[in-house]
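**Student:** Below: one structure in structure tokens.
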Amino acid sequence: MGFTEKQEALVNSSYESFKQNLPHYSVLFYTIILEKAPAAKDMFSFLKDTAGVQDSPKLQAHAVKVFGLVRDSAVQLRAKGEVVLGDATLGVIHIQKGVVDPHFVVVKEALLKTIKEAAGDKWSNELSTAWEVAYDGLATAIKKTMN
């Protein structure tokens with residue numbers, strides 16, 4: 001069974017909830033990542049020389065990019081059944097930053113926890129699964145370009 005219209009709608013609506021309080025959810029997302037993988041801090045140029053996760057335009061821009069790519073993956077999965085990267089440099093960037101498989105797991109966990117908070121009482125197993133499948137599609141596409 002492919003990615004459904006309902007799953008795509010769930011991802012899209014919760015993405016909009018995320019964007020409504022972008023400063024808060026951006027900080028939350030990166031805070032969760034660094035709680036799980038403190039050494040990952042140096043992988044993000046906008047966090048490298050900071051004491052911790054602080055709201056900044058670069059932090060927000062990167063968070064919107066990450067969550068937006070997952071949302072776009074949901075759209076592609078629904079339309080084509082697969083995710084094709086629009087930015088072929090994503091694999092190279094991830095290699096340069098030293099990203100390995102466990103990092104994708106940490107980011108997925110942080111993404112789901114952030115969306116759970118953004119979705120509030122609309123959070124459900126169905127919503128979680130939709131984001132997980134979309135994220136996994138994106139991660140698979142990035143990993144293919146890393147090899």
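Identifiers in this document derive from the order of the structure tokens: chains are assigned A, B, ..., residues are numbered from 1 separately in each chain, and ligands are numbered from 1 in order of occurrence.
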Write out as number ranges by chain the set of residues from region 33-93 of chain A that DSSP, computed on the backbone, places in helix (DSSP H, G or I).
**Tutor:** A: 33-36, 38-43, 57-80, 90-93
**Student:** Set the distance at 9 Å and use only C-alpha atoms: which residues neighbour region 46-55 of chain A once local chain neighbours fewer than 4 positions away are removed? I'd like the list as a list in words.
**Tutor:**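 With the cut-off at 9 Å, the set is Pro23, His24, Ser26, Val27, Leu28, Tyr30, Thr31, Leu34, Lys41, Asp42, Leu59 and Gln60 of chain A.
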**Student:** Of the candidates A:Ala139, A:Leu22, A:Ile93, A:Ala37, which one gets nearest to Lys58 (chain A) if we count only C-alpha atoms?
**Tutor:**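 Smallest distance to Lys58 (chain A) is found for A:Leu22.
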**Student:** Quick one: residues within 9 Å of region 116-123 of chain A, only C-alpha atoms, excluding same-chain residues fewer than 3 positions away - as a PyMOL selection string?
**Tutor:** chain A and resi 13-21+25+111-113+126-128
**Student:** Write the residues of the selection above to a file with C-alpha atoms, as a short mmCIF file (atom, residue, chain, number, x, y, z; two decimals), in the first residue's frame.
**Tutor:**
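To be explicit, this is the file written out as out-v3.cif:
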data_model
loop_
_atom_site.label_atom_id
_atom_site.label_comp_id
_atom_site.auth_asym_id
_atom_site.auth_seq_id
_atom_site.Cartn_x
_atom_site.Cartn_y
_atom_site.Cartn_z
CA SER A 13 -1.55 20.16 8.41
CA SER A 14 0.93 19.38 11.18
CA TYR A 15 3.71 21.05 9.18
CA GLU A 16 1.59 24.21 9.19
CA SER A 17 1.21 23.89 12.99
CA PHE A 18 5.01 23.60 13.23
CA LYS A 19 5.50 26.77 11.17
CA GLN A 20 3.03 28.74 13.33
CA ASN A 21 5.52 28.79 16.20
CA TYR A 25 9.80 24.44 17.55
CA LEU A 111 11.43 15.41 14.32
CA LEU A 112 8.66 13.18 15.69
CA LYS A 113 8.87 14.67 19.20
CA GLU A 126 -1.60 7.64 12.29
CA LEU A 127 0.04 11.07 12.25
CA SER A 128 3.26 9.64 13.67
#
**Student:** Using only C-alpha atoms, which protein or nucleic acid residues come within 10 Å of Lys80 (chain A)? Drop anything in the same chain fewer than 5 positions from it, and give the result as a tab-separated table (two decimals) with N, CA and C atoms, in the first residue's frame.
**Tutor:**
chain	number	residue	atom	x	y	z
A	2	GLY	N	0.55	2.18	-0.86
A	2	GLY	CA	1.33	3.40	-0.97
A	2	GLY	C	0.95	4.43	0.08
A	3	PHE	N	1.61	5.55	0.00
A	3	PHE	CA	1.35	6.68	0.89
A	3	PHE	C	-0.01	7.24	0.50
A	73	SER	N	8.59	15.20	0.81
A	73	SER	CA	8.71	13.75	0.61
A	73	SER	C	7.35	13.08	0.70
A	74	ALA	N	6.51	13.56	1.60
A	74	ALA	CA	5.14	13.02	1.71
A	74	ALA	C	4.39	13.25	0.40
A	75	VAL	N	4.54	14.43	-0.16
A	75	VAL	CA	3.87	14.76	-1.42
A	75	VAL	C	4.39	13.83	-2.53
**Student:** Give the answer as one residue: which of A:Val11, A:Val105, A:Val70, A:Trp131 has the shortest atom-to-atom distance to Leu85 (chain A), using only C-alpha atoms?
**Tutor:** A:Val70
**Student:** Which value, in Å to one decimal, gives the distance between CA of Asn125 (chain A) and CA of Phe104 (chain A)?
**Tutor:**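 Between CA of Asn125 (chain A) and CA of Phe104 (chain A) the gap works out to 20.6 Å.
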